[in-house]
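File shown: coords-v4.cif (mmCIF, C-alpha atoms and all ligand atoms).
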data_target
loop_
_atom_site.label_atom_id
_atom_site.label_comp_id
_atom_site.auth_asym_id
_atom_site.auth_seq_id
_atom_site.Cartn_x
_atom_site.Cartn_y
_atom_site.Cartn_z
CA MET L 257 -10.26 -24.72 -13.34
CA ALA L 258 -6.84 -24.73 -15.05
CA GLN L 259 -8.39 -25.68 -18.39
CA ALA L 260 -11.21 -23.18 -17.96
CA PHE L 261 -8.66 -20.40 -17.35
CA ALA L 262 -6.51 -21.34 -20.34
CA ALA L 263 -9.65 -21.59 -22.53
CA LEU L 264 -10.76 -18.00 -21.82
CA SER L 265 -10.33 -15.42 -24.57
CA ALA L 266 -7.81 -12.59 -24.11
CA VAL L 267 -10.62 -10.07 -23.51
CA GLU L 268 -12.28 -12.35 -20.94
CA VAL L 269 -8.98 -12.82 -19.08
CA MET L 270 -8.48 -9.07 -18.82
CA ALA L 271 -12.12 -8.44 -17.80
CA TYR L 272 -11.95 -11.09 -15.04
CA GLY L 273 -8.54 -9.71 -14.04
CA LEU L 274 -9.96 -6.21 -13.56
CA LEU L 275 -12.92 -7.52 -11.54
CA PHE L 276 -10.65 -9.72 -9.41
CA PHE L 277 -8.05 -7.08 -8.52
CA GLY L 278 -10.62 -4.30 -8.08
CA GLY L 279 -12.73 -6.61 -5.91
CA ILE L 280 -9.97 -7.82 -3.61
CA TYR L 281 -8.55 -4.29 -3.23
CA LEU L 282 -11.88 -2.89 -2.05
CA VAL L 283 -12.87 -5.88 0.13
CA PHE L 284 -9.48 -6.20 1.86
CA GLY L 285 -9.10 -2.43 2.20
CA LEU L 286 -12.55 -1.90 3.72
CA ALA L 287 -12.19 -4.93 6.02
CA THR L 288 -8.81 -3.72 7.32
CA TRP L 289 -10.13 -0.18 7.73
CA THR L 290 -13.16 -1.39 9.72
CA LEU L 291 -11.05 -3.72 11.83
CA THR L 292 -8.32 -1.20 12.71
CA ARG L 293 -10.45 1.95 13.01
CA HIS L 294 -13.47 0.50 14.77
CA VAL L 295 -13.47 -3.14 15.88
CA LEU L 296 -10.01 -3.64 17.43
CA PRO L 297 -9.84 -0.22 19.18
CA ALA L 298 -13.32 -0.87 20.66
CA LEU L 299 -12.10 -4.24 21.97
CA GLY L 300 -8.92 -2.66 23.36
CA ILE L 301 -6.72 -4.85 21.14
CA GLY L 302 -3.59 -3.34 19.59
CA ARG L 303 -2.76 0.32 19.03
CA VAL L 304 -2.36 2.93 16.29
CA LEU L 305 1.29 3.23 15.22
CA ASP L 306 1.57 6.73 13.74
CA PRO L 307 -0.85 9.19 15.35
CA ARG L 308 -0.20 11.98 12.85
CA PRO L 309 -3.19 12.93 10.68
CA LEU L 310 -3.48 11.92 7.01
CA GLN L 311 -2.55 14.59 4.48
CA PRO L 312 -5.43 16.49 2.89
CA GLY L 313 -6.71 14.51 -0.10
CA GLN L 314 -4.53 11.48 0.77
CA LEU L 315 -7.29 8.87 0.56
CA ARG L 316 -8.51 10.24 -2.78
CA ARG L 317 -4.96 10.12 -4.16
CA GLU L 318 -4.43 6.57 -2.87
CA LEU L 319 -7.67 5.41 -4.48
CA GLN L 320 -6.79 7.09 -7.79
CA GLN L 321 -3.27 5.65 -7.92
CA SER L 322 -4.58 2.24 -6.88
CA GLY L 323 -7.17 2.44 -9.69
CA VAL L 324 -4.34 2.70 -12.22
CA SER L 325 -2.50 -0.24 -10.56
CA ILE L 326 -5.70 -2.34 -10.70
CA LEU L 327 -5.88 -1.55 -14.40
CA ILE L 328 -2.27 -2.71 -14.84
CA PHE L 329 -2.67 -5.85 -12.70
CA GLY L 330 -6.04 -6.73 -14.28
CA LEU L 331 -4.98 -6.21 -17.91
CA GLY L 332 -1.63 -7.79 -17.00
CA MET L 333 -3.38 -11.14 -16.46
CA ILE L 334 -2.79 -11.47 -20.17
CA PHE L 335 0.88 -12.30 -19.40
CA PRO L 336 0.43 -15.49 -17.30
CA TRP L 337 -2.41 -16.47 -19.66
CA GLY L 338 -0.11 -15.77 -22.63
CA LEU L 339 2.64 -17.99 -21.17
CA LEU L 340 0.11 -20.84 -21.07
CA GLN L 341 -1.07 -20.19 -24.66
CA LEU L 342 2.53 -20.19 -25.91
CA GLY L 343 3.29 -23.40 -24.03
CA TRP L 344 6.10 -21.65 -22.11
CA ALA L 345 4.33 -22.52 -18.86
CA GLN L 346 1.81 -25.17 -17.84
CA LEU L 347 -0.63 -25.66 -15.01
CA ALA L 348 -0.63 -28.96 -13.12
CA GLU L 349 -3.15 -30.84 -10.98
CA ARG L 350 -1.76 -31.04 -7.41
CA THR L 351 -2.80 -32.66 -4.15
CA PRO L 352 -3.75 -30.31 -1.26
CA GLY L 353 -0.37 -31.04 0.39
CA GLN L 354 1.48 -30.12 -2.80
CA VAL L 355 -0.59 -26.94 -3.14
CA ALA L 356 0.41 -26.00 0.44
CA LEU L 357 4.11 -26.52 -0.39
CA GLU L 358 3.80 -24.51 -3.60
CA ILE L 359 2.13 -21.66 -1.72
CA LEU L 360 4.90 -21.72 0.89
CA ALA L 361 7.53 -21.47 -1.86
CA LEU L 362 5.61 -18.60 -3.48
CA VAL L 363 5.31 -16.76 -0.14
CA ILE L 364 9.11 -16.89 0.25
CA TRP L 365 9.72 -15.98 -3.40
CA ASN L 366 7.30 -13.05 -3.04
CA ASP L 367 9.44 -11.60 -0.22
CA VAL L 368 12.66 -12.04 -2.25
CA HIS L 369 11.08 -10.52 -5.38
CA PHE L 370 9.60 -7.62 -3.41
CA TYR L 371 12.89 -6.87 -1.64
CA ILE L 372 14.91 -6.81 -4.89
CA ASN L 373 12.42 -4.57 -6.69
CA HIS L 374 11.89 -2.35 -3.66
CA ARG L 375 15.65 -1.83 -3.25
CA LEU L 376 15.88 -0.98 -6.97
CA LEU L 377 13.03 1.51 -6.53
CA HIS L 378 15.06 3.20 -3.80
CA THR L 379 18.03 3.79 -6.14
CA ARG L 380 18.53 7.23 -7.65
CA PRO L 381 17.44 6.36 -11.25
CA LEU L 382 14.18 4.65 -10.16
CA ARG L 383 13.38 6.81 -7.12
CA ARG L 384 10.84 8.92 -8.98
CA PHE L 385 8.77 5.80 -9.72
CA HIS L 386 8.56 5.00 -6.00
CA LEU L 387 7.87 8.46 -4.57
CA PRO L 388 4.12 8.32 -5.39
CA HIS L 389 3.87 5.36 -2.96
CA HIS L 390 5.90 7.23 -0.32
CA ARG L 391 3.67 10.28 -0.49
CA SER L 392 1.67 8.32 2.09
CA VAL L 393 3.87 8.93 5.14
CA VAL L 394 1.12 7.78 7.48
CA THR L 395 -0.23 4.73 5.63
CA THR L 396 -3.79 3.44 5.26
CA PRO L 397 -5.25 0.08 4.10
CA PHE L 398 -5.77 1.85 0.76
CA SER L 399 -2.04 2.62 0.31
CA THR L 400 -1.57 -1.03 -0.70
CA TYR L 401 -1.81 -0.55 -4.50
CA SER L 402 -1.00 3.17 -4.46
CA PHE L 403 1.94 3.02 -6.88
CA HIS L 404 3.40 4.70 -9.93
CA PRO L 405 2.53 2.52 -12.99
CA ILE L 406 6.22 1.51 -13.33
CA GLU L 407 6.23 0.25 -9.75
CA ALA L 408 2.99 -1.65 -10.44
CA LEU L 409 4.66 -3.31 -13.46
CA MET L 410 7.76 -4.22 -11.44
CA LEU L 411 5.84 -5.74 -8.52
CA GLY L 412 3.05 -7.22 -10.65
CA ASN L 413 5.28 -9.64 -12.56
CA VAL L 414 6.00 -11.73 -9.45
CA ILE L 415 4.48 -15.02 -10.72
CA LEU L 416 5.92 -15.02 -14.25
CA LEU L 417 9.39 -16.38 -13.43
CA PRO L 418 8.11 -19.12 -11.07
CA MET L 419 5.59 -20.15 -13.77
CA VAL L 420 8.30 -20.84 -16.34
CA VAL L 421 10.50 -22.84 -13.95
CA HIS L 422 7.76 -25.00 -12.36
CA ASP L 423 4.26 -26.23 -13.29
CA PHE L 424 2.16 -24.78 -10.48
CA SER L 425 -1.42 -25.56 -9.61
CA PHE L 426 -3.91 -22.87 -10.65
CA TRP L 427 -4.86 -22.43 -6.99
CA SER L 428 -1.27 -21.89 -5.85
CA LEU L 429 -0.86 -19.10 -8.41
CA LEU L 430 -4.23 -17.60 -7.51
CA SER L 431 -3.14 -17.45 -3.87
CA VAL L 432 -0.28 -15.02 -4.67
CA PRO L 433 -2.30 -11.82 -5.16
CA ILE L 434 -4.50 -12.82 -2.22
CA PHE L 435 -1.81 -13.48 0.41
CA SER L 436 0.22 -10.61 -0.99
CA LEU L 437 -2.66 -8.15 -0.54
CA PHE L 438 -3.44 -9.61 2.89
CA PHE L 439 0.16 -8.97 4.07
CA ASN L 440 0.09 -5.63 2.28
CA CYS L 441 -3.03 -4.53 4.17
CA ILE L 442 -1.38 -5.51 7.44
CA GLY L 443 1.81 -3.66 6.45
CA HIS L 444 -0.08 -0.45 5.62
CA ALA L 445 -2.74 -0.66 8.34
CA ASN L 446 -0.80 1.75 10.59
CA TYR L 447 -1.87 -0.54 13.40
CA ASP L 448 0.14 -2.70 15.79
CA PHE L 449 -1.96 -5.87 16.09
CA PHE L 450 0.30 -7.75 18.50
CA THR L 451 1.93 -5.16 20.74
CA ARG L 452 3.82 -7.71 22.84
CA VAL L 453 5.79 -9.54 20.13
CA SER L 454 9.41 -8.58 19.36
CA PRO L 455 10.09 -6.11 16.50
CA MET L 456 11.47 -8.90 14.28
CA HIS L 457 8.49 -11.23 14.81
CA TRP L 458 6.33 -12.16 11.78
CA PHE L 459 3.40 -10.54 13.57
CA ALA L 460 5.22 -7.19 13.82
CA ALA L 461 5.29 -6.61 10.04
CA SER L 462 3.00 -3.58 10.36
CA ARG L 463 5.47 -1.90 12.75
CA ARG L 464 8.32 -2.50 10.33
CA HIS L 465 6.56 -1.15 7.25
CA HIS L 466 5.22 1.83 9.19
CA LEU L 467 8.89 2.64 10.00
CA HIS L 468 9.80 2.29 6.33
CA HIS L 469 7.20 4.93 5.41
CA ALA L 470 8.12 7.22 8.32
CA CYS L 471 11.91 7.03 7.71
CA TYR L 472 12.02 6.27 3.95
CA GLN L 473 15.30 4.27 4.18
CA GLY L 474 15.56 0.79 5.73
CA ASN L 475 13.11 -2.10 6.35
CA TYR L 476 12.62 -2.85 2.65
CA GLY L 477 11.25 -6.35 3.26
CA PHE L 478 7.64 -7.41 2.88
CA GLN L 479 6.19 -9.79 5.45
CA PHE L 480 9.43 -11.34 6.71
CA THR L 481 12.79 -10.01 7.88
CA PHE L 482 15.23 -12.48 6.29
CA MET L 483 16.11 -10.22 3.36
CA ASP L 484 16.62 -7.14 5.57
CA ARG L 485 18.79 -9.18 7.93
CA LEU L 486 20.78 -10.62 5.03
CA PHE L 487 21.45 -7.19 3.53
CA ARG L 488 21.70 -5.34 6.85
CA SER L 489 18.87 -2.90 6.23
CA VAL L 490 16.89 -3.42 9.46
CA LEU L 491 15.68 -0.20 11.13
CA PRO L 492 15.84 0.05 14.93
CA PRO L 493 12.34 -0.08 16.52
CA GLY L 494 12.44 3.55 17.70
CA ALA L 495 13.70 4.96 14.39
CA ALA L 496 10.69 7.24 13.86
CA ALA L 497 9.91 8.12 17.49
CA ALA L 498 11.69 11.50 17.61
CA GLN L 499 10.22 12.60 14.28
CA ILE L 500 6.65 11.65 15.25
CA GLN L 501 6.94 13.24 18.69
CA GLN L 502 8.39 16.48 17.28
CA GLN L 503 5.64 16.83 14.68
CA SER L 504 2.90 15.91 17.16
CA GLN L 505 4.17 18.53 19.62
CA ALA L 506 4.43 21.16 16.88
CA ARG L 507 0.84 20.37 15.90
CA ALA L 508 -0.36 20.62 19.50
CA ARG L 509 1.35 24.02 19.84
CA ARG L 510 -0.22 25.20 16.57
CA ASP L 511 -3.66 24.04 17.69
CA ALA L 512 -3.22 25.76 21.07
CA GLY L 513 -2.05 28.92 19.28
CA SER L 514 -5.00 28.99 16.90
CA GLN L 515 -7.42 28.40 19.79
CA ALA L 516 -5.89 31.28 21.76
CA GLY L 517 -6.01 33.39 18.59
CA GLY L 518 -9.66 32.43 18.14
CA HIS L 519 -10.52 33.47 21.72
CA ALA L 520 -8.67 36.78 21.31
CA GLY L 521 -10.54 37.41 18.05
ZN ZN L 601 9.95 2.25 -0.21
ZN ZN L 602 4.43 0.81 1.58
#
What would the structure in this file look like if it were written as structure tokens?
Amino acid sequence: MAQAFAALSAVEVMAYGLLFFGGIYLVFGLATWTLTRHVLPALGIGRVLDPRPLQPGQLRRELQQSGVSILIFGLGMIFPWGLLQLGWAQLAERTPGQVALEILALVIWNDVHFYINHRLLHTRPLRRFHLPHHRSVVTTPFSTYSFHPIEALMLGNVILLPMVVHDFSFWSLLSVPIFSLFFNCIGHANYDFFTRVSPMHWFAASRRHHLHHACYQGNYGFQFTFMDRLFRSVLPPGAAAAQIQQQSQARARRDAGSQAGGHAG
């Protein structure tokens, strides 16, 4: 597989890249949507985190912005492929055990890389490149790739540095966009899958990223909490409760008012 990948032409690499990223975005997004909107609620498992409604046109915007990110990620496959052509990186044959270790290292690196770039995106000079992602206050499984192109470039380069310092297996590198999107779908699902685990548990990642979107500051980590604990940016579990309650009550009052107005009219 490694040789087959390196032997592709530049155009083929980009075409397969587009198909791959477009495909996983739609499959993972639809699966998470079906699971969290239909299957799990019907089974009585878990609960919705933020009950506020989506903004008008939110899904369309998320799909449009994600389309641009897919274009960047897909065409960007030229970079890892280019490293191989230049001989700056190589792919190696690995045993299943070695592949597992490489994937573990990449999972940890992915959290470090995400945290650094995410913190940078929250600084004043780069803020404007992150706000398109934060327009989704209540997130959906389609918020996952909903970025400004600059943010897509910053997050999309995650495998380049590891590739030049170590000869990974093709399969280990291929796992990065897959596990990353899997965690990303969980993070943006707006659904608490395991209501009984503690807020810092690995399985509570969706609660933490929901708080990041509701509060904007804090909880910058991806799947794990080690970077937020290291840099003291953990949000308390109830950080968004007052805000959500206030807006939900205001909405209920508005709805009641418009109903009364409707009756009077
Ligand atoms: Zn953010
Ligand atoms: Zn997000």
Exercise for the section: Show me which residues sit within 9 Å of ligand ZN 601 (chain L) when counting only C-alpha atoms and all ligand atoms, and put them as a PyMOL selection string. Expected result: chain L and resi 374-375+377-378+383+386-387+389-390+465+468-469+472-476
Problem - Near-ligand residues for ligand ZN 602 (chain L), threshold 12 Å, only C-alpha atoms and all ligand atoms, as a ChimeraX atom specification - result: /L:318,370-371,374,377,386-403,407,437,439-446,461-479
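Proximity to Gly285 of chain L was assessed for L:Ser322, L:Gln259, L:Gln505, L:Ser265 counting only C-alpha atoms; the smallest distance is recorded for L:Ser322.
Distances to Phe385 of chain L were evaluated for L:Ile301, L:Ala356, L:Ile406, L:Ala460 using only C-alpha atoms, and the minimum falls at L:Ile406.
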Near segment 270-279 of chain L, 12 Å: segment 283-313 of chain L residue rows, closest pairs, all atoms listed in the file, as JSON lines:
{"residue": "L:Val283", "atom": "CA", "partner": "L:Gly279", "partner_atom": "CA", "distance": 6.1}
{"residue": "L:Phe284", "atom": "CA", "partner": "L:Gly279", "partner_atom": "CA", "distance": 8.4}
{"residue": "L:Gly285", "atom": "CA", "partner": "L:Gly279", "partner_atom": "CA", "distance": 9.8}
{"residue": "L:Leu286", "atom": "CA", "partner": "L:Gly279", "partner_atom": "CA", "distance": 10.7}
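If you look at atom CA of Arg350 of chain L and atom CA of Ser425 of chain L, they are 5.9 Å away from each other.
The smallest atom-to-atom distance between Arg303 of chain L and any of L:Val490, L:Trp344, L:Phe449, L:Ile500, using only C-alpha atoms, is found for L:Phe449.
Between Ile434 of chain L and the candidates L:Ala498, L:Leu362, L:Leu305, L:Ile372, the tightest atom-to-atom separation, counting only C-alpha atoms, involves L:Leu362.
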Because the input lacks atoms here, generate N, CA and C atoms for segment 455-471 of chain L and report them as an mmCIF file, keeping the file's coordinate frame.
data_model
loop_
_atom_site.group_PDB
_atom_site.id
_atom_site.type_symbol
_atom_site.label_atom_id
_atom_site.label_comp_id
_atom_site.auth_asym_id
_atom_site.auth_seq_id
_atom_site.Cartn_x
_atom_site.Cartn_y
_atom_site.Cartn_z
ATOM 1 N N PRO L 455 10.158 -6.858 17.759
ATOM 2 C CA PRO L 455 10.090 -6.110 16.500
ATOM 3 C C PRO L 455 10.389 -6.962 15.260
ATOM 4 N N MET L 456 11.125 -8.075 15.438
ATOM 5 C CA MET L 456 11.470 -8.900 14.280
ATOM 6 C C MET L 456 10.480 -10.053 14.073
ATOM 7 N N HIS L 457 9.479 -10.155 14.904
ATOM 8 C CA HIS L 457 8.490 -11.230 14.810
ATOM 9 C C HIS L 457 7.653 -11.075 13.532
ATOM 10 N N TRP L 458 7.198 -12.218 12.975
ATOM 11 C CA TRP L 458 6.330 -12.160 11.780
ATOM 12 C C TRP L 458 5.114 -11.272 12.028
ATOM 13 N N PHE L 459 4.622 -11.295 13.270
ATOM 14 C CA PHE L 459 3.400 -10.540 13.570
ATOM 15 C C PHE L 459 3.662 -9.041 13.763
ATOM 16 N N ALA L 460 4.927 -8.621 13.645
ATOM 17 C CA ALA L 460 5.220 -7.190 13.820
ATOM 18 C C ALA L 460 5.493 -6.519 12.470
ATOM 19 N N ALA L 461 5.025 -7.142 11.386
ATOM 20 C CA ALA L 461 5.290 -6.610 10.040
ATOM 21 C C ALA L 461 4.723 -5.201 9.871
ATOM 22 N N SER L 462 3.591 -4.909 10.525
ATOM 23 C CA SER L 462 3.000 -3.580 10.360
ATOM 24 C C SER L 462 3.891 -2.508 11.001
ATOM 25 N N ARG L 463 4.544 -2.849 12.120
ATOM 26 C CA ARG L 463 5.470 -1.900 12.750
ATOM 27 C C ARG L 463 6.636 -1.611 11.821
ATOM 28 N N ARG L 464 7.132 -2.668 11.177
ATOM 29 C CA ARG L 464 8.320 -2.500 10.330
ATOM 30 C C ARG L 464 7.995 -1.662 9.091
ATOM 31 N N HIS L 465 6.852 -1.912 8.471
ATOM 32 C CA HIS L 465 6.560 -1.150 7.250
ATOM 33 C C HIS L 465 6.125 0.281 7.575
ATOM 34 N N HIS L 466 5.520 0.455 8.736
ATOM 35 C CA HIS L 466 5.220 1.830 9.190
ATOM 36 C C HIS L 466 6.531 2.607 9.321
ATOM 37 N N LEU L 467 7.582 1.978 9.862
ATOM 38 C CA LEU L 467 8.890 2.640 10.000
ATOM 39 C C LEU L 467 9.488 2.941 8.632
ATOM 40 N N HIS L 468 9.274 2.037 7.683
ATOM 41 C CA HIS L 468 9.800 2.290 6.330
ATOM 42 C C HIS L 468 9.174 3.568 5.763
ATOM 43 N N HIS L 469 7.865 3.725 5.948
ATOM 44 C CA HIS L 469 7.200 4.930 5.410
ATOM 45 C C HIS L 469 7.588 6.173 6.198
ATOM 46 N N ALA L 470 7.784 6.045 7.507
ATOM 47 C CA ALA L 470 8.120 7.220 8.320
ATOM 48 C C ALA L 470 9.566 7.661 8.065
ATOM 49 N N CYS L 471 10.477 6.702 7.829
ATOM 50 C CA CYS L 471 11.910 7.030 7.710
ATOM 51 C C CYS L 471 12.423 7.023 6.280
#
